[in-house]
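Asks: Pasting in a structure now, in structure tokens, and then I'll have a few things to ask.
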Amino acid sequence: MKLKRLAHEFTICKVPSAKELNLNNDFYFIGKTDDEISLVCIATDTPVNTTERDDGWNAFRVEGKLDFSLTGILSDISGILASHQISIFAISTFHTDYVLIKKENFEKALHFLTEAGYSVV
């Protein structure tokens, strides 16, 4: 399975409202619940109205469109990385999965995934 390294540094943050978010930015992933609005974005696109933020994340995506019947992809990736004490922040879209890893662990994580048979492009 191919993993595509994304070129940007990302921020994970919490915002009080979605009104000020610029949905024209290249990468915005919004999670809204009854308790909070979370946002994953390219660090330079972080909105000024954040109430909490965690900077310094790199990311890759699982290449291709993943069918809903596929199982265990994130489990396998997270298991490999957990066995090496590397934590992740995972997000899923309709077509694929994205995995964010703190930048100080990113290259090491890609190394372990490559050893496990993943191809990184």
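Quick note on naming: the chains in the structure tokens go A, B, ... in the order shown, residues restart at 1 in each chain, and ligands are numbered from 1 in order of appearance.
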Identify, on the basis of only C-alpha atoms, every residue whose closest approach to stretch 96-112 of chain A does not exceed 10 Å; exclude the query and any residue fewer than 3 positions from it along the same chain; express the result as an mmCIF file with all heavy atoms, in the first residue's frame.
Replies:
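Result file selection.cif:
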```
data_model
loop_
_atom_site.group_PDB
_atom_site.id
_atom_site.type_symbol
_atom_site.label_atom_id
_atom_site.label_comp_id
_atom_site.auth_asym_id
_atom_site.auth_seq_id
_atom_site.Cartn_x
_atom_site.Cartn_y
_atom_site.Cartn_z
ATOM 1 N N LEU A 3 1.781 5.222 0.700
ATOM 2 C CA LEU A 3 1.541 6.350 1.580
ATOM 3 C C LEU A 3 2.168 7.572 0.921
ATOM 4 O O LEU A 3 3.325 7.529 0.509
ATOM 5 C CB LEU A 3 2.185 6.114 2.946
ATOM 6 C CG LEU A 3 1.841 4.796 3.641
ATOM 7 C CD1 LEU A 3 2.633 4.651 4.926
ATOM 8 C CD2 LEU A 3 0.341 4.701 3.892
ATOM 9 N N LYS A 4 1.412 8.645 0.804
ATOM 10 C CA LYS A 4 1.932 9.873 0.187
ATOM 11 C C LYS A 4 2.230 10.909 1.255
ATOM 12 O O LYS A 4 1.343 11.353 1.976
ATOM 13 C CB LYS A 4 0.949 10.448 -0.815
ATOM 14 C CG LYS A 4 1.427 11.779 -1.383
ATOM 15 C CD LYS A 4 0.848 12.054 -2.721
ATOM 16 C CE LYS A 4 1.228 13.414 -3.229
ATOM 17 N NZ LYS A 4 2.567 13.513 -3.705
ATOM 18 N N ARG A 5 3.489 11.265 1.323
ATOM 19 C CA ARG A 5 3.941 12.303 2.251
ATOM 20 C C ARG A 5 3.358 13.645 1.791
ATOM 21 O O ARG A 5 3.426 13.987 0.622
ATOM 22 C CB ARG A 5 5.465 12.341 2.195
ATOM 23 C CG ARG A 5 6.121 13.414 2.960
ATOM 24 C CD ARG A 5 7.570 13.573 2.528
ATOM 25 N NE ARG A 5 8.332 12.341 2.610
ATOM 26 C CZ ARG A 5 9.260 12.114 3.531
ATOM 27 N NH1 ARG A 5 9.552 13.020 4.429
ATOM 28 N NH2 ARG A 5 9.921 10.980 3.526
ATOM 29 N N LEU A 6 2.787 14.397 2.737
ATOM 30 C CA LEU A 6 2.278 15.729 2.419
ATOM 31 C C LEU A 6 3.365 16.760 2.735
ATOM 32 O O LEU A 6 4.092 16.623 3.718
ATOM 33 C CB LEU A 6 0.997 16.015 3.195
ATOM 34 C CG LEU A 6 -0.140 15.009 2.961
ATOM 35 C CD1 LEU A 6 -1.378 15.418 3.729
ATOM 36 C CD2 LEU A 6 -0.457 14.859 1.485
ATOM 37 N N GLU A 9 3.622 21.543 6.979
ATOM 38 C CA GLU A 9 3.523 21.335 8.419
ATOM 39 C C GLU A 9 2.098 21.701 8.813
ATOM 40 O O GLU A 9 1.528 22.662 8.297
ATOM 41 C CB GLU A 9 4.519 22.222 9.168
ATOM 42 C CG GLU A 9 4.510 21.965 10.658
ATOM 43 C CD GLU A 9 5.590 22.746 11.398
ATOM 44 O OE1 GLU A 9 6.722 22.799 10.884
ATOM 45 O OE2 GLU A 9 5.278 23.292 12.460
ATOM 46 N N PHE A 10 1.535 20.923 9.741
ATOM 47 C CA PHE A 10 0.144 21.099 10.112
ATOM 48 C C PHE A 10 -0.017 21.520 11.570
ATOM 49 O O PHE A 10 0.859 21.292 12.394
ATOM 50 C CB PHE A 10 -0.632 19.792 9.869
ATOM 51 C CG PHE A 10 -0.751 19.449 8.417
ATOM 52 C CD1 PHE A 10 0.236 18.719 7.775
ATOM 53 C CD2 PHE A 10 -1.844 19.877 7.689
ATOM 54 C CE1 PHE A 10 0.149 18.415 6.435
ATOM 55 C CE2 PHE A 10 -1.947 19.576 6.334
ATOM 56 C CZ PHE A 10 -0.948 18.853 5.711
ATOM 57 N N THR A 11 -1.162 22.109 11.842
ATOM 58 C CA THR A 11 -1.585 22.483 13.186
ATOM 59 C C THR A 11 -2.916 21.815 13.467
ATOM 60 O O THR A 11 -3.773 21.725 12.582
ATOM 61 C CB THR A 11 -1.738 24.017 13.294
ATOM 62 O OG1 THR A 11 -0.458 24.618 13.137
ATOM 63 C CG2 THR A 11 -2.325 24.435 14.631
ATOM 64 N N ILE A 12 -3.078 21.352 14.687
ATOM 65 C CA ILE A 12 -4.367 20.839 15.158
ATOM 66 C C ILE A 12 -4.848 21.847 16.186
ATOM 67 O O ILE A 12 -4.120 22.179 17.123
ATOM 68 C CB ILE A 12 -4.220 19.440 15.790
ATOM 69 C CG1 ILE A 12 -3.625 18.470 14.770
ATOM 70 C CG2 ILE A 12 -5.565 18.941 16.317
ATOM 71 C CD1 ILE A 12 -3.182 17.147 15.357
ATOM 72 N N VAL A 40 -7.947 20.743 11.602
ATOM 73 C CA VAL A 40 -6.593 20.396 11.187
ATOM 74 C C VAL A 40 -6.337 21.213 9.939
ATOM 75 O O VAL A 40 -7.130 21.175 8.990
ATOM 76 C CB VAL A 40 -6.446 18.889 10.889
ATOM 77 C CG1 VAL A 40 -5.038 18.589 10.384
ATOM 78 C CG2 VAL A 40 -6.775 18.056 12.120
ATOM 79 N N ASP A 54 -2.035 22.979 18.730
ATOM 80 C CA ASP A 54 -0.852 22.143 18.867
ATOM 81 C C ASP A 54 -0.165 22.133 17.504
ATOM 82 O O ASP A 54 -0.681 21.576 16.540
ATOM 83 C CB ASP A 54 -1.243 20.734 19.301
ATOM 84 C CG ASP A 54 -0.060 19.907 19.763
ATOM 85 O OD1 ASP A 54 1.090 20.279 19.469
ATOM 86 O OD2 ASP A 54 -0.286 18.875 20.412
ATOM 87 N N ASP A 55 0.986 22.764 17.426
ATOM 88 C CA ASP A 55 1.731 22.893 16.174
ATOM 89 C C ASP A 55 2.742 21.766 16.027
ATOM 90 O O ASP A 55 2.994 21.004 16.945
ATOM 91 C CB ASP A 55 2.474 24.234 16.148
ATOM 92 C CG ASP A 55 1.545 25.427 16.198
ATOM 93 O OD1 ASP A 55 0.540 25.431 15.471
ATOM 94 O OD2 ASP A 55 1.825 26.375 16.967
ATOM 95 N N GLY A 56 3.348 21.701 14.837
ATOM 96 C CA GLY A 56 4.472 20.799 14.623
ATOM 97 C C GLY A 56 4.116 19.403 14.185
ATOM 98 O O GLY A 56 4.763 18.441 14.580
ATOM 99 N N TRP A 57 3.117 19.265 13.313
ATOM 100 C CA TRP A 57 2.695 17.957 12.817
ATOM 101 C C TRP A 57 3.037 17.831 11.334
ATOM 102 O O TRP A 57 2.889 18.778 10.576
ATOM 103 C CB TRP A 57 1.189 17.777 12.981
ATOM 104 C CG TRP A 57 0.737 17.740 14.398
ATOM 105 C CD1 TRP A 57 0.473 18.808 15.215
ATOM 106 C CD2 TRP A 57 0.500 16.577 15.199
ATOM 107 N NE1 TRP A 57 0.079 18.374 16.449
ATOM 108 C CE2 TRP A 57 0.088 17.015 16.469
ATOM 109 C CE3 TRP A 57 0.593 15.210 14.943
ATOM 110 C CZ2 TRP A 57 -0.238 16.130 17.497
ATOM 111 C CZ3 TRP A 57 0.260 14.330 15.959
ATOM 112 C CH2 TRP A 57 -0.149 14.783 17.221
ATOM 113 N N ASN A 58 3.504 16.658 10.930
ATOM 114 C CA ASN A 58 3.659 16.293 9.523
ATOM 115 C C ASN A 58 2.625 15.218 9.239
ATOM 116 O O ASN A 58 2.071 14.610 10.161
ATOM 117 C CB ASN A 58 5.060 15.773 9.222
ATOM 118 C CG ASN A 58 6.111 16.867 9.305
ATOM 119 O OD1 ASN A 58 7.134 16.686 9.935
ATOM 120 N ND2 ASN A 58 5.881 17.998 8.672
ATOM 121 N N ALA A 59 2.379 14.976 7.941
ATOM 122 C CA ALA A 59 1.298 14.040 7.614
ATOM 123 C C ALA A 59 1.576 13.256 6.340
ATOM 124 O O ALA A 59 2.366 13.673 5.494
ATOM 125 C CB ALA A 59 -0.015 14.804 7.462
ATOM 126 N N PHE A 60 0.882 12.127 6.241
ATOM 127 C CA PHE A 60 0.816 11.376 4.989
ATOM 128 C C PHE A 60 -0.616 10.907 4.805
ATOM 129 O O PHE A 60 -1.396 10.867 5.748
ATOM 130 C CB PHE A 60 1.795 10.198 4.960
ATOM 131 C CG PHE A 60 1.555 9.131 5.989
ATOM 132 C CD1 PHE A 60 0.601 8.145 5.793
ATOM 133 C CD2 PHE A 60 2.301 9.104 7.158
ATOM 134 C CE1 PHE A 60 0.392 7.154 6.739
ATOM 135 C CE2 PHE A 60 2.100 8.114 8.108
ATOM 136 C CZ PHE A 60 1.141 7.141 7.899
ATOM 137 N N ARG A 61 -0.936 10.606 3.569
ATOM 138 C CA ARG A 61 -2.262 10.035 3.282
ATOM 139 C C ARG A 61 -2.084 8.668 2.664
ATOM 140 O O ARG A 61 -1.083 8.399 2.004
ATOM 141 C CB ARG A 61 -3.085 10.965 2.405
ATOM 142 C CG ARG A 61 -2.900 10.779 0.957
ATOM 143 C CD ARG A 61 -3.901 11.572 0.117
ATOM 144 N NE ARG A 61 -3.184 12.039 -1.051
ATOM 145 C CZ ARG A 61 -3.037 13.299 -1.376
ATOM 146 N NH1 ARG A 61 -3.582 14.253 -0.665
ATOM 147 N NH2 ARG A 61 -2.351 13.629 -2.439
ATOM 148 N N VAL A 62 -3.038 7.824 2.895
ATOM 149 C CA VAL A 62 -3.076 6.514 2.258
ATOM 150 C C VAL A 62 -3.564 6.768 0.828
ATOM 151 O O VAL A 62 -4.628 7.351 0.625
ATOM 152 C CB VAL A 62 -4.010 5.544 3.009
ATOM 153 C CG1 VAL A 62 -4.066 4.206 2.307
ATOM 154 C CG2 VAL A 62 -3.563 5.394 4.457
ATOM 155 N N GLU A 63 -2.756 6.384 -0.144
ATOM 156 C CA GLU A 63 -3.062 6.680 -1.539
ATOM 157 C C GLU A 63 -4.219 5.839 -2.058
ATOM 158 O O GLU A 63 -4.371 4.681 -1.698
ATOM 159 C CB GLU A 63 -1.837 6.416 -2.413
ATOM 160 C CG GLU A 63 -0.811 7.526 -2.349
ATOM 161 C CD GLU A 63 -1.271 8.812 -3.013
ATOM 162 O OE1 GLU A 63 -1.902 9.630 -2.311
ATOM 163 O OE2 GLU A 63 -1.019 9.008 -4.206
ATOM 164 N N GLY A 64 -4.996 6.452 -2.932
ATOM 165 C CA GLY A 64 -6.101 5.773 -3.588
ATOM 166 C C GLY A 64 -7.401 5.934 -2.834
ATOM 167 O O GLY A 64 -7.440 6.446 -1.709
ATOM 168 N N LYS A 65 -8.454 5.505 -3.468
ATOM 169 C CA LYS A 65 -9.774 5.539 -2.847
ATOM 170 C C LYS A 65 -9.978 4.234 -2.098
ATOM 171 O O LYS A 65 -9.905 3.156 -2.686
ATOM 172 C CB LYS A 65 -10.864 5.723 -3.901
ATOM 173 C CG LYS A 65 -10.815 7.073 -4.559
ATOM 174 C CD LYS A 65 -11.937 7.236 -5.555
ATOM 175 C CE LYS A 65 -11.864 8.600 -6.189
ATOM 176 N NZ LYS A 65 -12.948 8.791 -7.163
ATOM 177 N N LEU A 66 -10.230 4.347 -0.806
ATOM 178 C CA LEU A 66 -10.413 3.162 0.034
ATOM 179 C C LEU A 66 -11.894 2.816 0.108
ATOM 180 O O LEU A 66 -12.710 3.635 0.501
ATOM 181 C CB LEU A 66 -9.865 3.427 1.445
ATOM 182 C CG LEU A 66 -8.404 3.871 1.529
ATOM 183 C CD1 LEU A 66 -8.011 4.120 2.976
ATOM 184 C CD2 LEU A 66 -7.489 2.844 0.887
ATOM 185 N N ASP A 67 -12.214 1.622 -0.254
ATOM 186 C CA ASP A 67 -13.582 1.138 -0.188
ATOM 187 C C ASP A 67 -13.989 0.965 1.274
ATOM 188 O O ASP A 67 -13.170 0.565 2.102
ATOM 189 C CB ASP A 67 -13.675 -0.198 -0.933
ATOM 190 C CG ASP A 67 -15.100 -0.681 -1.062
ATOM 191 O OD1 ASP A 67 -15.761 -0.315 -2.044
ATOM 192 O OD2 ASP A 67 -15.549 -1.422 -0.153
ATOM 193 N N PHE A 68 -15.234 1.245 1.582
ATOM 194 C CA PHE A 68 -15.709 1.118 2.961
ATOM 195 C C PHE A 68 -15.639 -0.304 3.493
ATOM 196 O O PHE A 68 -15.662 -0.523 4.695
ATOM 197 C CB PHE A 68 -17.137 1.650 3.101
ATOM 198 C CG PHE A 68 -17.232 3.151 3.016
ATOM 199 C CD1 PHE A 68 -18.026 3.749 2.057
ATOM 200 C CD2 PHE A 68 -16.528 3.959 3.886
ATOM 201 C CE1 PHE A 68 -18.121 5.134 1.972
ATOM 202 C CE2 PHE A 68 -16.611 5.332 3.820
ATOM 203 C CZ PHE A 68 -17.412 5.919 2.861
ATOM 204 N N ILE A 73 -6.794 -0.974 7.993
ATOM 205 C CA ILE A 73 -5.702 -0.156 7.473
ATOM 206 C C ILE A 73 -5.138 0.744 8.569
ATOM 207 O O ILE A 73 -3.938 0.706 8.856
ATOM 208 C CB ILE A 73 -6.152 0.666 6.251
ATOM 209 C CG1 ILE A 73 -6.514 -0.288 5.109
ATOM 210 C CG2 ILE A 73 -5.058 1.642 5.824
ATOM 211 C CD1 ILE A 73 -7.208 0.364 3.943
ATOM 212 N N LEU A 74 -5.992 1.541 9.185
ATOM 213 C CA LEU A 74 -5.515 2.405 10.275
ATOM 214 C C LEU A 74 -5.030 1.590 11.458
ATOM 215 O O LEU A 74 -4.064 1.965 12.124
ATOM 216 C CB LEU A 74 -6.607 3.377 10.732
ATOM 217 C CG LEU A 74 -6.722 4.671 9.950
ATOM 218 C CD1 LEU A 74 -7.872 5.517 10.488
ATOM 219 C CD2 LEU A 74 -5.436 5.451 9.962
ATOM 220 N N ILE A 77 -1.436 0.478 10.568
ATOM 221 C CA ILE A 77 -0.499 1.604 10.642
ATOM 222 C C ILE A 77 -0.280 2.032 12.084
ATOM 223 O O ILE A 77 0.861 2.185 12.532
ATOM 224 C CB ILE A 77 -1.010 2.778 9.781
ATOM 225 C CG1 ILE A 77 -0.921 2.412 8.293
ATOM 226 C CG2 ILE A 77 -0.236 4.061 10.084
ATOM 227 C CD1 ILE A 77 -1.605 3.388 7.358
ATOM 228 N N SER A 78 -1.352 2.214 12.829
ATOM 229 C CA SER A 78 -1.212 2.672 14.215
ATOM 230 C C SER A 78 -0.534 1.609 15.074
ATOM 231 O O SER A 78 0.235 1.933 15.981
ATOM 232 C CB SER A 78 -2.563 3.067 14.807
ATOM 233 O OG SER A 78 -3.433 1.961 14.884
ATOM 234 N N ILE A 80 1.786 -0.605 14.068
ATOM 235 C CA ILE A 80 3.223 -0.558 13.772
ATOM 236 C C ILE A 80 3.871 0.595 14.526
ATOM 237 O O ILE A 80 4.908 0.435 15.178
ATOM 238 C CB ILE A 80 3.458 -0.427 12.253
ATOM 239 C CG1 ILE A 80 3.031 -1.711 11.534
ATOM 240 C CG2 ILE A 80 4.922 -0.082 11.948
ATOM 241 C CD1 ILE A 80 2.863 -1.557 10.032
ATOM 242 N N LEU A 81 3.255 1.761 14.447
ATOM 243 C CA LEU A 81 3.845 2.940 15.085
ATOM 244 C C LEU A 81 3.764 2.864 16.611
ATOM 245 O O LEU A 81 4.708 3.252 17.304
ATOM 246 C CB LEU A 81 3.196 4.207 14.542
ATOM 247 C CG LEU A 81 3.403 4.410 13.031
ATOM 248 C CD1 LEU A 81 2.705 5.675 12.556
ATOM 249 C CD2 LEU A 81 4.877 4.430 12.672
ATOM 250 N N ALA A 82 2.683 2.323 17.138
ATOM 251 C CA ALA A 82 2.566 2.178 18.590
ATOM 252 C C ALA A 82 3.642 1.250 19.139
ATOM 253 O O ALA A 82 4.171 1.479 20.238
ATOM 254 C CB ALA A 82 1.183 1.661 18.961
ATOM 255 N N SER A 83 3.991 0.227 18.370
ATOM 256 C CA SER A 83 5.031 -0.699 18.835
ATOM 257 C C SER A 83 6.394 -0.020 18.942
ATOM 258 O O SER A 83 7.290 -0.531 19.601
ATOM 259 C CB SER A 83 5.114 -1.925 17.925
ATOM 260 O OG SER A 83 5.669 -1.590 16.669
ATOM 261 N N HIS A 84 6.513 1.154 18.307
ATOM 262 C CA HIS A 84 7.742 1.940 18.382
ATOM 263 C C HIS A 84 7.541 3.232 19.179
ATOM 264 O O HIS A 84 8.337 4.176 19.056
ATOM 265 C CB HIS A 84 8.245 2.267 16.978
ATOM 266 C CG HIS A 84 8.658 1.051 16.206
ATOM 267 N ND1 HIS A 84 9.830 0.356 16.465
ATOM 268 C CD2 HIS A 84 8.050 0.373 15.203
ATOM 269 C CE1 HIS A 84 9.920 -0.666 15.643
ATOM 270 N NE2 HIS A 84 8.850 -0.696 14.879
ATOM 271 N N GLN A 85 6.461 3.266 19.956
ATOM 272 C CA GLN A 85 6.162 4.400 20.838
ATOM 273 C C GLN A 85 5.956 5.712 20.080
ATOM 274 O O GLN A 85 6.319 6.789 20.548
ATOM 275 C CB GLN A 85 7.259 4.577 21.901
ATOM 276 C CG GLN A 85 7.531 3.336 22.739
ATOM 277 C CD GLN A 85 6.287 2.865 23.481
ATOM 278 O OE1 GLN A 85 5.656 3.633 24.190
ATOM 279 N NE2 GLN A 85 5.933 1.608 23.306
ATOM 280 N N ILE A 86 5.347 5.635 18.892
ATOM 281 C CA ILE A 86 5.049 6.823 18.093
ATOM 282 C C ILE A 86 3.536 7.002 18.060
ATOM 283 O O ILE A 86 2.812 6.142 17.550
ATOM 284 C CB ILE A 86 5.612 6.691 16.663
ATOM 285 C CG1 ILE A 86 7.140 6.565 16.706
ATOM 286 C CG2 ILE A 86 5.186 7.883 15.798
ATOM 287 C CD1 ILE A 86 7.778 6.278 15.366
ATOM 288 N N SER A 87 3.063 8.123 18.588
ATOM 289 C CA SER A 87 1.625 8.374 18.603
ATOM 290 C C SER A 87 1.200 9.076 17.314
ATOM 291 O O SER A 87 2.010 9.696 16.625
ATOM 292 C CB SER A 87 1.236 9.212 19.819
ATOM 293 O OG SER A 87 1.872 10.460 19.770
ATOM 294 N N ILE A 88 -0.077 8.948 17.005
ATOM 295 C CA ILE A 88 -0.619 9.520 15.774
ATOM 296 C C ILE A 88 -1.888 10.311 16.064
ATOM 297 O O ILE A 88 -2.509 10.160 17.123
ATOM 298 C CB ILE A 88 -0.930 8.430 14.724
ATOM 299 C CG1 ILE A 88 -2.102 7.551 15.170
ATOM 300 C CG2 ILE A 88 0.307 7.610 14.406
ATOM 301 C CD1 ILE A 88 -2.669 6.650 14.082
ATOM 302 N N PHE A 89 -2.262 11.131 15.102
ATOM 303 C CA PHE A 89 -3.574 11.776 15.058
ATOM 304 C C PHE A 89 -4.125 11.406 13.687
ATOM 305 O O PHE A 89 -3.549 11.781 12.665
ATOM 306 C CB PHE A 89 -3.439 13.297 15.206
ATOM 307 C CG PHE A 89 -4.747 14.020 15.310
ATOM 308 C CD1 PHE A 89 -5.295 14.302 16.548
ATOM 309 C CD2 PHE A 89 -5.420 14.427 14.171
ATOM 310 C CE1 PHE A 89 -6.505 14.987 16.642
ATOM 311 C CE2 PHE A 89 -6.628 15.097 14.254
ATOM 312 C CZ PHE A 89 -7.177 15.382 15.499
ATOM 313 N N ALA A 90 -5.185 10.624 13.643
ATOM 314 C CA ALA A 90 -5.724 10.125 12.382
ATOM 315 C C ALA A 90 -7.025 10.824 12.035
ATOM 316 O O ALA A 90 -7.845 11.112 12.921
ATOM 317 C CB ALA A 90 -5.949 8.620 12.472
ATOM 318 N N ILE A 91 -7.190 11.095 10.746
ATOM 319 C CA ILE A 91 -8.461 11.629 10.259
ATOM 320 C C ILE A 91 -8.840 10.848 8.993
ATOM 321 O O ILE A 91 -7.976 10.385 8.254
ATOM 322 C CB ILE A 91 -8.412 13.148 9.978
ATOM 323 C CG1 ILE A 91 -7.259 13.528 9.054
ATOM 324 C CG2 ILE A 91 -8.315 13.926 11.273
ATOM 325 C CD1 ILE A 91 -7.192 15.009 8.731
ATOM 326 N N SER A 92 -10.113 10.696 8.809
ATOM 327 C CA SER A 92 -10.607 9.962 7.650
ATOM 328 C C SER A 92 -11.575 10.834 6.867
ATOM 329 O O SER A 92 -12.373 11.580 7.453
ATOM 330 C CB SER A 92 -11.329 8.685 8.088
ATOM 331 O OG SER A 92 -10.431 7.816 8.725
ATOM 332 N N THR A 93 -11.490 10.722 5.543
ATOM 333 C CA THR A 93 -12.426 11.392 4.664
ATOM 334 C C THR A 93 -13.252 10.316 3.964
ATOM 335 O O THR A 93 -13.094 9.127 4.237
ATOM 336 C CB THR A 93 -11.673 12.245 3.613
ATOM 337 O OG1 THR A 93 -10.910 11.378 2.780
ATOM 338 C CG2 THR A 93 -10.775 13.277 4.284
ATOM 339 N N GLU A 115 9.732 -0.456 6.475
ATOM 340 C CA GLU A 115 10.201 -1.787 6.895
ATOM 341 C C GLU A 115 9.065 -2.798 6.937
ATOM 342 O O GLU A 115 9.276 -3.995 6.721
ATOM 343 C CB GLU A 115 10.868 -1.724 8.271
ATOM 344 C CG GLU A 115 12.285 -1.237 8.278
ATOM 345 C CD GLU A 115 12.918 -1.370 9.655
ATOM 346 O OE1 GLU A 115 12.197 -1.457 10.672
ATOM 347 O OE2 GLU A 115 14.150 -1.375 9.712
ATOM 348 N N ALA A 116 7.861 -2.313 7.249
ATOM 349 C CA ALA A 116 6.699 -3.197 7.361
ATOM 350 C C ALA A 116 6.031 -3.457 5.996
ATOM 351 O O ALA A 116 5.012 -4.147 5.937
ATOM 352 C CB ALA A 116 5.683 -2.606 8.334
ATOM 353 N N GLY A 117 6.587 -2.875 4.923
ATOM 354 C CA GLY A 117 6.059 -3.169 3.599
ATOM 355 C C GLY A 117 5.294 -2.055 2.920
ATOM 356 O O GLY A 117 4.824 -2.230 1.786
ATOM 357 N N TYR A 118 5.147 -0.940 3.586
ATOM 358 C CA TYR A 118 4.460 0.199 2.953
ATOM 359 C C TYR A 118 5.432 0.914 2.024
ATOM 360 O O TYR A 118 6.636 0.967 2.289
ATOM 361 C CB TYR A 118 3.950 1.183 4.014
ATOM 362 C CG TYR A 118 2.738 0.674 4.753
ATOM 363 C CD1 TYR A 118 2.888 -0.085 5.911
ATOM 364 C CD2 TYR A 118 1.450 0.929 4.291
ATOM 365 C CE1 TYR A 118 1.787 -0.575 6.597
ATOM 366 C CE2 TYR A 118 0.345 0.446 4.967
ATOM 367 C CZ TYR A 118 0.521 -0.310 6.123
ATOM 368 O OH TYR A 118 -0.577 -0.781 6.782
ATOM 369 N N SER A 119 4.904 1.489 0.965
ATOM 370 C CA SER A 119 5.699 2.281 0.033
ATOM 371 C C SER A 119 5.379 3.747 0.293
ATOM 372 O O SER A 119 4.222 4.140 0.325
ATOM 373 C CB SER A 119 5.310 1.900 -1.404
ATOM 374 O OG SER A 119 5.886 2.776 -2.324
ATOM 375 N N VAL A 120 6.423 4.557 0.472
ATOM 376 C CA VAL A 120 6.233 5.980 0.737
ATOM 377 C C VAL A 120 6.641 6.766 -0.499
ATOM 378 O O VAL A 120 7.762 6.619 -0.989
ATOM 379 C CB VAL A 120 7.047 6.437 1.960
ATOM 380 C CG1 VAL A 120 6.861 7.923 2.200
ATOM 381 C CG2 VAL A 120 6.647 5.636 3.203
#
```
Asks: Based on DSSP run over this structure's backbone, return all residues of stretch 16-77 of chain A in strand (DSSP E or B), as JSON, numbers by chain.
Replies: {"A": [28, 29, 30, 31, 32, 37, 38, 39, 40, 41, 42, 52, 53, 54, 55, 56, 57, 58, 59, 60, 61, 62]}
Asks: Which of chain A end up as alpha helix (DSSP H) when DSSP is run on this backbone - answer as a ChimeraX atom specification?
Replies: /A:73-82,103-115
Asks: Please measure the separation of atom CA of A:Phe94 and atom CA of A:Thr50, giving the value in Å to one decimal.
Replies: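 So the answer is 26.1 Å.
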Asks: Quick one: of A:Val15, A:Val48, A:Leu21, A:Met1, who's nearest to A:Asp35, counting only C-alpha atoms?
Replies: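 For A:Asp35, the nearest of the given residues is A:Val15.
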Asks: Between atom CA of A:Ser38 and atom CA of A:Lys14, measure the distance and give it in Å to one decimal.
Replies: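 That distance, rounded to one decimal, is 4.5 Å.
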Asks: Enter the distance from atom CA of A:Ala43 to atom CA of A:Glu20, in Å, rounded to one decimal.
Replies: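 For atom CA of A:Ala43 relative to atom CA of A:Glu20, the distance reads 16.0 Å.
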Asks: A:Cys13, A:Ala7, A:Leu113, A:Ile42: which is nearest A:Asn25, counting only C-alpha atoms?
Replies: A:Ile42
